[in-house]
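Below is work_9.cif, which holds mmCIF, C-alpha atoms (C1' of nucleotides).
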```
data_input
#
loop_
_atom_site.label_atom_id
_atom_site.label_comp_id
_atom_site.auth_asym_id
_atom_site.auth_seq_id
_atom_site.Cartn_x
_atom_site.Cartn_y
_atom_site.Cartn_z
CA MET J 1 114.25 144.65 118.91
CA GLY J 2 114.62 147.94 120.72
CA THR J 3 117.92 146.73 122.14
CA LYS J 4 121.35 148.16 121.45
CA GLN J 5 120.90 151.83 120.93
CA LEU J 6 123.68 153.62 119.10
CA GLY J 7 123.87 156.72 121.30
CA GLY J 8 125.59 159.90 120.24
CA SER J 9 125.13 161.97 117.16
CA VAL J 10 122.07 160.21 115.87
CA ASP J 11 118.81 162.09 115.71
CA GLN J 12 116.12 160.59 117.91
CA ALA J 13 113.54 160.56 115.10
CA ASP J 14 115.93 158.49 112.99
CA VAL J 15 116.42 156.02 115.80
CA THR J 16 112.72 155.36 116.27
CA ARG J 17 112.20 155.21 112.53
CA ALA J 18 115.01 152.69 112.16
CA ASP J 19 113.59 150.70 115.05
CA SER J 20 110.14 150.47 113.55
CA LEU J 21 111.71 149.51 110.24
CA ALA J 22 113.70 146.81 112.01
CA ARG J 23 110.52 145.44 113.58
CA GLU J 24 108.83 145.46 110.22
CA ILE J 25 111.67 143.55 108.60
CA PHE J 26 111.78 141.11 111.47
CA SER J 27 108.04 140.47 111.12
CA ASP J 28 108.47 139.87 107.40
CA ILE J 29 111.34 137.45 107.82
CA ALA J 30 110.33 135.61 110.98
CA ASN J 31 107.73 133.34 109.44
CA LYS J 32 108.23 129.73 108.62
CA TRP J 33 107.72 129.91 104.87
CA ALA J 34 110.26 132.65 104.35
CA LEU J 35 112.84 130.83 106.44
CA LEU J 36 112.18 127.50 104.75
CA ILE J 37 112.48 129.07 101.31
CA ILE J 38 115.82 130.62 102.17
CA GLU J 39 117.03 127.28 103.50
CA ALA J 40 115.82 125.56 100.35
CA ILE J 41 117.67 127.91 98.04
CA GLY J 42 120.89 127.78 100.03
CA ASP J 43 123.81 127.74 97.60
CA ASN J 44 121.63 126.64 94.72
CA THR J 45 119.94 128.34 91.83
CA LEU J 46 116.40 127.08 91.83
CA ARG J 47 113.45 127.48 89.52
CA PHE J 48 109.99 128.28 90.81
CA SER J 49 108.80 124.73 90.29
CA GLU J 50 111.89 123.29 91.94
CA LEU J 51 111.27 125.44 94.99
CA ARG J 52 107.67 124.30 95.02
CA ASP J 53 108.87 120.71 95.20
CA GLU J 54 111.65 121.44 97.66
CA VAL J 55 109.63 123.33 100.27
CA ASP J 56 107.08 120.76 101.10
CA GLY J 57 103.54 121.69 101.87
CA ILE J 58 103.82 125.18 100.42
CA SER J 59 101.11 126.33 98.05
CA HIS J 60 101.66 128.08 94.77
CA LYS J 61 100.28 131.26 96.26
CA MET J 62 102.37 131.26 99.42
CA LEU J 63 105.47 130.60 97.38
CA THR J 64 105.00 133.53 95.00
CA GLN J 65 103.94 135.77 97.83
CA ASN J 66 107.01 135.02 99.92
CA LEU J 67 109.34 135.14 96.92
CA ARG J 68 108.09 138.66 96.14
CA MET J 69 108.59 139.70 99.74
CA LEU J 70 112.10 138.28 99.84
CA GLU J 71 112.95 139.91 96.52
CA ARG J 72 111.56 143.22 97.73
CA ASN J 73 113.78 143.07 100.79
CA GLY J 74 116.79 142.15 98.67
CA LEU J 75 117.31 138.68 100.13
CA ILE J 76 116.94 136.85 96.87
CA GLU J 77 117.62 137.67 93.26
CA ARG J 78 115.15 136.78 90.57
CA THR J 79 116.35 136.29 87.03
CA VAL J 80 113.97 135.73 84.15
CA HIS J 81 115.18 133.90 81.06
CA PRO J 82 113.08 135.16 78.17
CA THR J 83 112.61 131.74 76.63
CA VAL J 84 109.43 129.91 75.94
CA PRO J 85 108.34 128.45 78.17
CA PRO J 86 109.76 131.02 80.59
CA ARG J 87 112.47 130.02 83.02
CA VAL J 88 112.76 131.94 86.27
CA GLU J 89 115.58 131.31 88.69
CA TYR J 90 116.14 132.35 92.26
CA THR J 91 119.37 132.68 94.21
CA LEU J 92 120.33 134.20 97.52
CA THR J 93 121.95 137.62 97.58
CA GLU J 94 124.71 138.42 100.04
CA PRO J 95 122.28 139.56 102.75
CA GLY J 96 120.27 136.43 102.05
CA ARG J 97 123.31 134.21 102.48
CA ALA J 98 124.15 135.98 105.71
CA LEU J 99 120.69 135.38 107.06
CA ARG J 100 120.89 131.80 105.93
CA VAL J 101 123.73 131.21 108.37
CA THR J 102 121.50 132.06 111.30
CA ILE J 103 118.67 129.95 109.93
CA ASP J 104 121.08 127.06 109.70
CA GLY J 105 121.63 127.70 113.39
CA MET J 106 117.92 127.32 114.05
CA CYS J 107 117.82 124.05 112.11
CA ASP J 108 120.81 122.71 113.99
CA TRP J 109 119.15 123.76 117.21
CA THR J 110 116.02 121.85 116.28
CA HIS J 111 117.95 118.68 115.59
CA ARG J 112 120.07 119.02 118.70
CA TYR J 113 117.14 119.54 121.06
CA ILE J 114 114.48 117.43 119.44
CA GLY J 115 114.87 114.87 122.22
CA HIS J 116 114.60 117.49 124.97
CA ILE J 117 111.52 118.86 123.35
CA GLU J 118 109.82 115.52 123.01
CA GLN J 119 110.41 114.89 126.72
CA ALA J 120 109.21 118.36 127.63
CA ARG J 121 106.01 117.78 125.71
CA ASP J 122 105.37 114.49 127.49
CA SER J 123 105.96 116.00 130.91
CA PHE J 124 103.78 118.98 130.02
CA GLN J 125 101.03 116.64 128.93
CA ALA J 126 101.41 114.68 132.17
CA ARG J 127 101.31 117.82 134.30
CA LYS J 128 98.00 118.77 132.75
CA GLN J 129 96.76 115.12 133.21
CA MET R 1 114.60 120.60 107.21
CA GLY R 2 114.91 117.21 105.58
CA THR R 3 118.63 117.80 105.30
CA LYS R 4 121.38 115.91 107.07
CA GLN R 5 120.18 112.35 107.35
CA LEU R 6 121.88 110.21 109.94
CA GLY R 7 122.31 107.11 107.80
CA GLY R 8 123.07 103.66 109.19
CA SER R 9 121.33 101.82 111.95
CA VAL R 10 118.33 104.05 112.18
CA ASP R 11 114.94 102.70 111.22
CA GLN R 12 113.38 104.59 108.31
CA ALA R 13 110.08 105.05 110.15
CA ASP R 14 111.94 106.80 112.97
CA VAL R 15 113.69 109.09 110.54
CA THR R 16 110.48 110.28 108.90
CA ARG R 17 108.79 110.61 112.27
CA ALA R 18 111.67 112.71 113.60
CA ASP R 19 111.59 114.79 110.45
CA SER R 20 107.92 115.58 110.72
CA LEU R 21 108.43 116.39 114.40
CA ALA R 22 111.28 118.71 113.44
CA ARG R 23 109.05 120.48 110.95
CA GLU R 24 106.35 120.83 113.56
CA ILE R 25 108.75 122.31 116.07
CA PHE R 26 110.17 124.63 113.45
CA SER R 27 106.68 125.83 112.56
CA ASP R 28 105.92 126.46 116.24
CA ILE R 29 109.09 128.41 116.86
CA ALA R 30 109.48 130.28 113.60
CA ASN R 31 106.90 132.96 114.21
CA LYS R 32 107.61 136.48 115.25
CA TRP R 33 105.86 136.48 118.61
CA ALA R 34 107.64 133.40 119.87
CA LEU R 35 111.01 134.77 118.82
CA LEU R 36 110.33 138.22 120.27
CA ILE R 37 109.22 136.70 123.57
CA ILE R 38 112.39 134.65 123.84
CA GLU R 39 114.46 137.75 123.09
CA ALA R 40 112.54 139.71 125.69
CA ILE R 41 113.13 137.16 128.42
CA GLY R 42 116.81 136.80 127.64
CA ASP R 43 118.71 136.43 130.89
CA ASN R 44 115.89 137.92 132.91
CA THR R 45 113.10 136.57 135.02
CA LEU R 46 109.99 138.34 133.88
CA ARG R 47 106.40 138.42 135.03
CA PHE R 48 103.49 138.14 132.66
CA SER R 49 102.74 141.84 132.83
CA GLU R 50 106.38 142.75 132.36
CA LEU R 51 106.50 140.63 129.22
CA ARG R 52 103.35 142.30 128.00
CA ASP R 53 105.07 145.66 128.34
CA GLU R 54 108.37 144.45 126.94
CA VAL R 55 107.09 142.81 123.76
CA ASP R 56 105.37 145.71 122.18
CA GLY R 57 102.20 145.29 120.25
CA ILE R 58 101.46 141.84 121.59
CA SER R 59 97.98 141.18 122.87
CA HIS R 60 97.12 139.46 126.12
CA LYS R 61 95.86 136.49 124.20
CA MET R 62 98.86 136.08 121.92
CA LEU R 63 101.16 136.32 124.90
CA THR R 64 99.48 133.56 126.90
CA GLN R 65 99.12 131.43 123.84
CA ASN R 66 102.78 131.67 122.91
CA LEU R 67 103.93 131.28 126.49
CA ARG R 68 101.98 128.00 126.72
CA MET R 69 103.49 126.82 123.50
CA LEU R 70 107.01 127.68 124.61
CA GLU R 71 106.43 126.04 127.96
CA ARG R 72 105.08 122.94 126.28
CA ASN R 73 108.19 122.69 124.14
CA GLY R 74 110.42 123.19 127.17
CA LEU R 75 111.90 126.51 126.06
CA ILE R 76 110.73 128.46 129.07
CA GLU R 77 110.04 127.64 132.68
CA ARG R 78 106.96 128.94 134.40
CA THR R 79 106.97 129.34 138.15
CA VAL R 80 103.89 130.32 140.09
CA HIS R 81 104.26 132.02 143.46
CA PRO R 82 101.15 131.16 145.46
CA THR R 83 100.69 134.65 146.81
CA VAL R 84 97.77 136.95 146.45
CA PRO R 85 97.72 138.51 144.03
CA PRO R 86 99.45 135.72 142.12
CA ARG R 87 102.95 136.22 140.79
CA VAL R 88 104.03 134.20 137.79
CA GLU R 89 107.54 134.35 136.46
CA TYR R 90 109.11 133.15 133.25
CA THR R 91 112.73 132.29 132.49
CA LEU R 92 114.50 130.56 129.65
CA THR R 93 115.53 126.94 130.05
CA GLU R 94 118.80 125.69 128.62
CA PRO R 95 117.26 124.84 125.24
CA GLY R 96 115.62 128.25 125.31
CA ARG R 97 118.93 129.98 125.97
CA ALA R 98 120.54 128.00 123.17
CA LEU R 99 117.85 129.11 120.74
CA ARG R 100 118.20 132.65 121.96
CA VAL R 101 121.73 132.75 120.64
CA THR R 102 120.52 132.16 117.10
CA ILE R 103 117.73 134.70 117.52
CA ASP R 104 120.34 137.21 118.60
CA GLY R 105 121.98 136.39 115.30
CA MET R 106 118.82 137.30 113.46
CA CYS R 107 118.54 140.59 115.33
CA ASP R 108 122.16 141.43 114.58
CA TRP R 109 121.53 140.55 110.96
CA THR R 110 118.57 142.93 110.85
CA HIS R 111 120.62 145.80 112.21
CA ARG R 112 123.56 145.06 109.97
CA TYR R 113 121.55 144.93 106.76
CA ILE R 114 118.84 147.45 107.46
CA GLY R 115 120.51 149.85 105.03
CA HIS R 116 120.80 147.23 102.27
CA ILE R 117 117.18 146.38 102.75
CA GLU R 118 115.97 149.93 102.59
CA GLN R 119 117.84 150.37 99.31
CA ALA R 120 116.53 147.09 97.98
CA ARG R 121 112.99 148.21 98.72
CA ASP R 122 113.47 151.48 96.91
CA SER R 123 114.95 149.82 93.86
CA PHE R 124 112.19 147.22 93.88
CA GLN R 125 109.61 149.96 94.04
CA ALA R 126 111.34 151.76 91.17
CA ARG R 127 111.50 148.61 89.04
CA LYS R 128 107.74 148.22 89.39
CA GLN R 129 107.26 152.00 88.70
"C1'" DC N 1 106.51 127.51 83.01
"C1'" DC N 2 105.50 131.35 85.77
"C1'" DG N 3 102.54 134.81 87.58
"C1'" DT N 4 98.20 137.14 88.80
"C1'" DA N 5 93.47 137.42 90.03
"C1'" DT N 6 89.23 135.82 92.02
"C1'" DC N 7 86.57 133.55 95.19
"C1'" DC N 8 85.62 131.25 99.31
"C1'" DT N 9 86.75 129.13 103.66
"C1'" DC N 10 88.72 128.86 108.03
"C1'" DC N 11 91.10 130.25 111.87
"C1'" DT N 12 93.95 133.71 113.68
"C1'" DC N 13 93.79 137.39 116.54
"C1'" DG N 14 91.82 141.36 119.21
"C1'" DA N 15 88.23 142.94 122.44
"C1'" DT N 16 85.73 142.01 126.24
"C1'" DA N 17 84.16 139.96 130.24
"C1'" DC N 18 84.57 136.71 133.92
"C1'" DT N 19 87.15 133.44 137.60
"C1'" DG N 20 90.76 132.40 141.24
"C1'" DC F 1 97.74 139.77 138.60
"C1'" DA F 2 97.28 135.90 135.71
"C1'" DG F 3 94.50 133.01 133.08
"C1'" DT F 4 90.37 131.29 130.46
"C1'" DA F 5 86.25 131.72 127.55
"C1'" DT F 6 83.53 133.70 124.10
"C1'" DC F 7 82.46 136.12 120.02
"C1'" DG F 8 83.04 138.59 115.84
"C1'" DA F 9 85.77 140.67 112.10
"C1'" DG F 10 89.35 140.34 108.93
"C1'" DG F 11 93.13 138.37 106.90
"C1'" DA F 12 95.64 134.22 105.66
"C1'" DG F 13 95.82 130.82 102.72
"C1'" DG F 14 93.93 127.07 99.37
"C1'" DA F 15 91.70 126.01 94.86
"C1'" DT F 16 90.86 127.33 90.47
"C1'" DA F 17 91.16 129.64 86.20
"C1'" DC F 18 93.24 132.51 82.95
"C1'" DG F 19 97.13 135.39 80.63
"C1'" DG F 20 101.91 136.08 78.88
#
```
Kindly transcribe the structure held in the file into C-alpha cells.
Amino acid sequence: MGTKQLGGSVDQADVTRADSLAREIFSDIANKWALLIIEAIGDNTLRFSELRDEVDGISHKMLTQNLRMLERNGLIERTVHPTVPPRVEYTLTEPGRALRVTIDGMCDWTHRYIGHIEQARDSFQARKQ
Amino acid sequence: MGTKQLGGSVDQADVTRADSLAREIFSDIANKWALLIIEAIGDNTLRFSELRDEVDGISHKMLTQNLRMLERNGLIERTVHPTVPPRVEYTLTEPGRALRVTIDGMCDWTHRYIGHIEQARDSFQARKQ
DNA sequence: CCGTATCCTCCTCGATACTG
DNA sequence: CAGTATCGAGGAGGATACGG
C-alpha cells in the first residue's frame, strides 16, 4: 500500500498515519465475506435475512459481524424500520458503490480466467507428481 | 458469484461445477496477503526475501503458503536458479497481471475514500456513544 | 425479524528449528 | 537463501439460546 506518496507540504507523521490507516482499511475490506456481501447488495436494498440467503455459506454471526464492519467504514447504510417484527434494510453508500465496481472487476476476472486457472492447477499437480 | 449465467447449450452440471470452482478461486484470492503479494510483485521480478521485506508484516510461513497458492492457480511464475545459495524469483503471469489491475483499483479506492471512511468511523463511534 | 452473547471447536498463524 | 516441519497459543467462526 505504501505506494504513491503525495510529496510536498504534507507532514511526515500524517503520511505514515494515513498509510497505516490505509492498510487497516484494506485488511478489513480484503476478505471474501465483505466482498461477497457488497456484491450481493449491489443496487438492491436487502434485508438481513435476504442477505443471509443471497450470500451462500455465510453464518448468521459472520453476516452481522461483517455488516457492522462495513457500516462502521461507511460502505453500507443500515436503516431500521420500527415495525414489529423489525425490518432492517441495507444498501450501498457512494463509497460502497465505488468499491463495488472494482469487485465486479474481480468477478469478471474470475470468470474470464477460470479456464487458465483450471489448467494451471492440473499442471501444478502434475509437476508435483 | 452466481451471477451472469451463460444460458443455452451448456450442461447444468457444468454450470454448477464452474460456479463452485469460481467461488473456490474467489475465496483463495480474496484475502489480504494474496492481494498484497500481487501488488508487491507488480511489474518486478522479486526474490523470496525481497517479497518478505516488501510486504510488511507478513511472516515467512504466510508468504510461502500464499506463494504456493498463487503459483498453483497460475497467477505467478516461480523460477529457481540452481546456484548456491539458491535464488528463487517470482513474477506475475498474464492472469496475474490482469488481476493486478483490479487490485490497483482497490488501492486507488482506499486512497480516494480514506477521508470518507475516517469520518464514517467517527460518526459510527458517536452513534454508539 | 434482527441482534447479541456464550460456549466450544478447529485451524490459522507465528516462532522455532532443521534440510538442501 | 529458500523451503519444510512441528508445536502451541489465540482467534475465527459455528451452534445455540435468549432479548427487544
Distance in Å - CA of Gln125 (chain J) versus CA of Arg47 (chain R): 23.2 Å
Resolved residues for the PyMOL selection byres ((chain R and resi 114) around 10) as a list in words: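 Selected by the PyMOL selection byres ((chain R and resi 114) around 10) here: Ala18, Asp19, Leu21, Ala22, Ile25, Asn73 and Pro95 of chain J; Asp108, Trp109, Thr110, His111, Arg112, Tyr113, Gly115, His116, Ile117, Glu118, Gln119 and Ala120 of chain R.
Within 6 Å of chain R, and using all atoms listed in the file, the residues found on chain J are Ser27, Ala30, Asn31, Lys32, Arg72, Asn73, Gly74, Thr102, Gly105, Ile117, Ala120, Arg121 and Phe124 of chain J.
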Point-to-point distance in Å for CA of Arg17 (chain J) and CA of Ser49 (chain R):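 It comes out at 26.1 Å.
The list of chain N residues within 9 Å of chain J is DC1, DC2 and DG3 of chain N; this uses all atoms listed in the file.
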Ground truth for the PyMOL selection byres ((chain N and resi 4-17) around 12), written as a VMD selection string: (chain J and resid 60 to 61 64 to 65) or (chain R and resid 57 to 63 65) or (chain N and resid 2 to 3 18 to 19) or (chain F and resid 4 to 20)
Interatomic distance, CA of Glu77 (chain J) to CA of Thr45 (chain J) (Å, one decimal): 9.7 Å
Extract chain N from the structure I just pasted (atoms: N, CA and C atoms (P, O5', C5', C4', C3', O3' and C1' of nucleotides)) and return it as a short mmCIF file (atom, residue, chain, number, x, y, z; two decimals), in the first residue's frame.
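Generated output (selection_4.cif):
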```cif
data_model
loop_
_atom_site.label_atom_id
_atom_site.label_comp_id
_atom_site.auth_asym_id
_atom_site.auth_seq_id
_atom_site.Cartn_x
_atom_site.Cartn_y
_atom_site.Cartn_z
P DC N 1 -38.76 -14.32 9.95
"O5'" DC N 1 -38.92 -12.88 10.69
"C5'" DC N 1 -39.17 -11.77 9.86
"C4'" DC N 1 -38.30 -10.62 10.29
"C3'" DC N 1 -36.80 -10.82 10.03
"O3'" DC N 1 -36.27 -9.58 9.56
"C1'" DC N 1 -37.14 -10.49 12.35
P DC N 2 -34.79 -9.48 8.97
"O5'" DC N 2 -33.95 -9.01 10.24
"C5'" DC N 2 -34.23 -7.74 10.82
"C4'" DC N 2 -33.44 -7.58 12.08
"C3'" DC N 2 -31.93 -7.85 11.96
"O3'" DC N 2 -31.25 -6.65 12.25
"C1'" DC N 2 -32.85 -8.89 13.89
P DG N 3 -29.64 -6.66 12.21
"O5'" DG N 3 -29.31 -7.02 13.71
"C5'" DG N 3 -29.69 -6.08 14.72
"C4'" DG N 3 -29.27 -6.60 16.06
"C3'" DG N 3 -27.79 -6.93 16.16
"O3'" DG N 3 -27.21 -6.07 17.12
"C1'" DG N 3 -29.13 -8.67 17.08
P DT N 4 -25.65 -6.21 17.41
"O5'" DT N 4 -25.58 -7.04 18.78
"C5'" DT N 4 -26.50 -6.73 19.83
"C4'" DT N 4 -26.32 -7.73 20.96
"C3'" DT N 4 -24.86 -8.06 21.28
"O3'" DT N 4 -24.67 -7.90 22.67
"C1'" DT N 4 -26.11 -10.05 20.92
P DA N 5 -23.23 -8.07 23.31
"O5'" DA N 5 -23.34 -9.44 24.11
"C5'" DA N 5 -24.61 -9.86 24.61
"C4'" DA N 5 -24.47 -11.27 25.17
"C3'" DA N 5 -23.04 -11.65 25.54
"O3'" DA N 5 -23.07 -12.38 26.76
"C1'" DA N 5 -23.90 -13.18 23.95
P DT N 6 -21.71 -12.72 27.52
"O5'" DT N 6 -21.72 -14.32 27.55
"C5'" DT N 6 -22.97 -15.01 27.53
"C4'" DT N 6 -22.73 -16.47 27.20
"C3'" DT N 6 -21.33 -16.99 27.51
"O3'" DT N 6 -21.43 -18.22 28.20
"C1'" DT N 6 -21.92 -17.51 25.30
P DC N 7 -20.16 -18.81 28.95
"O5'" DC N 7 -19.91 -20.11 28.05
"C5'" DC N 7 -20.99 -21.01 27.81
"C4'" DC N 7 -20.63 -21.90 26.63
"C3'" DC N 7 -19.24 -22.54 26.72
"O3'" DC N 7 -19.36 -23.92 26.46
"C1'" DC N 7 -19.55 -21.54 24.62
P DC N 8 -18.25 -24.94 27.05
"O5'" DC N 8 -18.04 -25.87 25.78
"C5'" DC N 8 -18.97 -25.86 24.70
"C4'" DC N 8 -18.22 -26.04 23.38
"C3'" DC N 8 -16.81 -26.62 23.55
"O3'" DC N 8 -16.61 -27.60 22.56
"C1'" DC N 8 -16.72 -24.65 22.28
P DT N 9 -15.38 -28.60 22.61
"O5'" DT N 9 -15.07 -28.78 21.07
"C5'" DT N 9 -16.13 -28.61 20.12
"C4'" DT N 9 -15.56 -28.07 18.81
"C3'" DT N 9 -14.20 -28.68 18.44
"O3'" DT N 9 -14.26 -29.05 17.08
"C1'" DT N 9 -14.08 -26.31 18.41
P DC N 10 -13.21 -30.14 16.53
"O5'" DC N 10 -12.62 -29.36 15.27
"C5'" DC N 10 -13.43 -28.38 14.62
"C4'" DC N 10 -12.54 -27.32 13.99
"C3'" DC N 10 -11.21 -27.85 13.44
"O3'" DC N 10 -11.01 -27.18 12.21
"C1'" DC N 10 -10.79 -26.09 14.92
P DC N 11 -10.26 -27.88 11.03
"O5'" DC N 11 -9.70 -26.59 10.29
"C5'" DC N 11 -10.20 -25.27 10.63
"C4'" DC N 11 -9.04 -24.30 10.65
"C3'" DC N 11 -7.75 -24.85 10.05
"O3'" DC N 11 -7.00 -23.78 9.53
"C1'" DC N 11 -7.35 -24.27 12.24
P DT N 12 -7.10 -23.34 8.00
"O5'" DT N 12 -6.59 -21.83 8.05
"C5'" DT N 12 -7.38 -20.87 8.69
"C4'" DT N 12 -6.57 -19.99 9.62
"C3'" DT N 12 -5.26 -19.44 9.02
"O3'" DT N 12 -5.34 -18.03 9.19
"C1'" DT N 12 -4.88 -20.24 11.21
P DC N 13 -4.43 -17.10 8.24
"O5'" DC N 13 -3.15 -16.91 9.16
"C5'" DC N 13 -3.32 -16.26 10.42
"C4'" DC N 13 -2.14 -16.54 11.31
"C3'" DC N 13 -0.77 -16.25 10.69
"O3'" DC N 13 -0.18 -15.20 11.41
"C1'" DC N 13 -0.76 -18.22 12.02
P DG N 14 1.19 -14.59 10.88
"O5'" DG N 14 2.18 -14.77 12.11
"C5'" DG N 14 1.74 -14.44 13.41
"C4'" DG N 14 2.68 -15.04 14.44
"C3'" DG N 14 4.17 -14.83 14.16
"O3'" DG N 14 4.81 -14.49 15.40
"C1'" DG N 14 3.72 -17.14 14.37
P DA N 15 6.33 -14.10 15.41
"O5'" DA N 15 7.03 -15.37 16.07
"C5'" DA N 15 6.37 -16.05 17.15
"C4'" DA N 15 7.26 -17.17 17.67
"C3'" DA N 15 8.76 -16.98 17.43
"O3'" DA N 15 9.46 -17.39 18.59
"C1'" DA N 15 8.01 -18.97 16.38
P DT N 16 11.04 -17.28 18.61
"O5'" DT N 16 11.53 -18.75 18.22
"C5'" DT N 16 10.91 -19.88 18.83
"C4'" DT N 16 11.39 -21.14 18.13
"C3'" DT N 16 12.87 -21.11 17.72
"O3'" DT N 16 13.58 -22.06 18.51
"C1'" DT N 16 11.47 -22.04 16.02
P DA N 17 15.19 -22.25 18.34
"O5'" DA N 17 15.25 -23.60 17.50
"C5'" DA N 17 14.27 -24.61 17.73
"C4'" DA N 17 14.38 -25.65 16.63
"C3'" DA N 17 15.81 -25.89 16.14
"O3'" DA N 17 16.02 -27.30 15.96
"C1'" DA N 17 14.43 -25.35 14.32
P DC N 18 17.53 -27.85 15.72
"O5'" DC N 18 17.42 -28.52 14.28
"C5'" DC N 18 16.36 -29.43 14.01
"C4'" DC N 18 16.19 -29.58 12.51
"C3'" DC N 18 17.51 -29.83 11.77
"O3'" DC N 18 17.47 -31.09 11.13
"C1'" DC N 18 16.17 -28.18 10.68
P DT N 19 18.47 -31.49 9.96
"O5'" DT N 19 17.43 -31.51 8.74
"C5'" DT N 19 17.57 -32.42 7.67
"C4'" DT N 19 17.29 -31.72 6.36
"C3'" DT N 19 18.47 -31.75 5.39
"O3'" DT N 19 18.14 -32.61 4.30
"C1'" DT N 19 17.42 -29.60 5.45
P DG N 20 19.28 -33.06 3.30
"O5'" DG N 20 18.84 -32.46 1.88
"C5'" DG N 20 17.81 -31.50 1.77
"C4'" DG N 20 18.02 -30.64 0.53
"C3'" DG N 20 19.31 -30.89 -0.24
"O3'" DG N 20 19.08 -30.55 -1.60
"C1'" DG N 20 19.37 -28.72 0.68
#
```
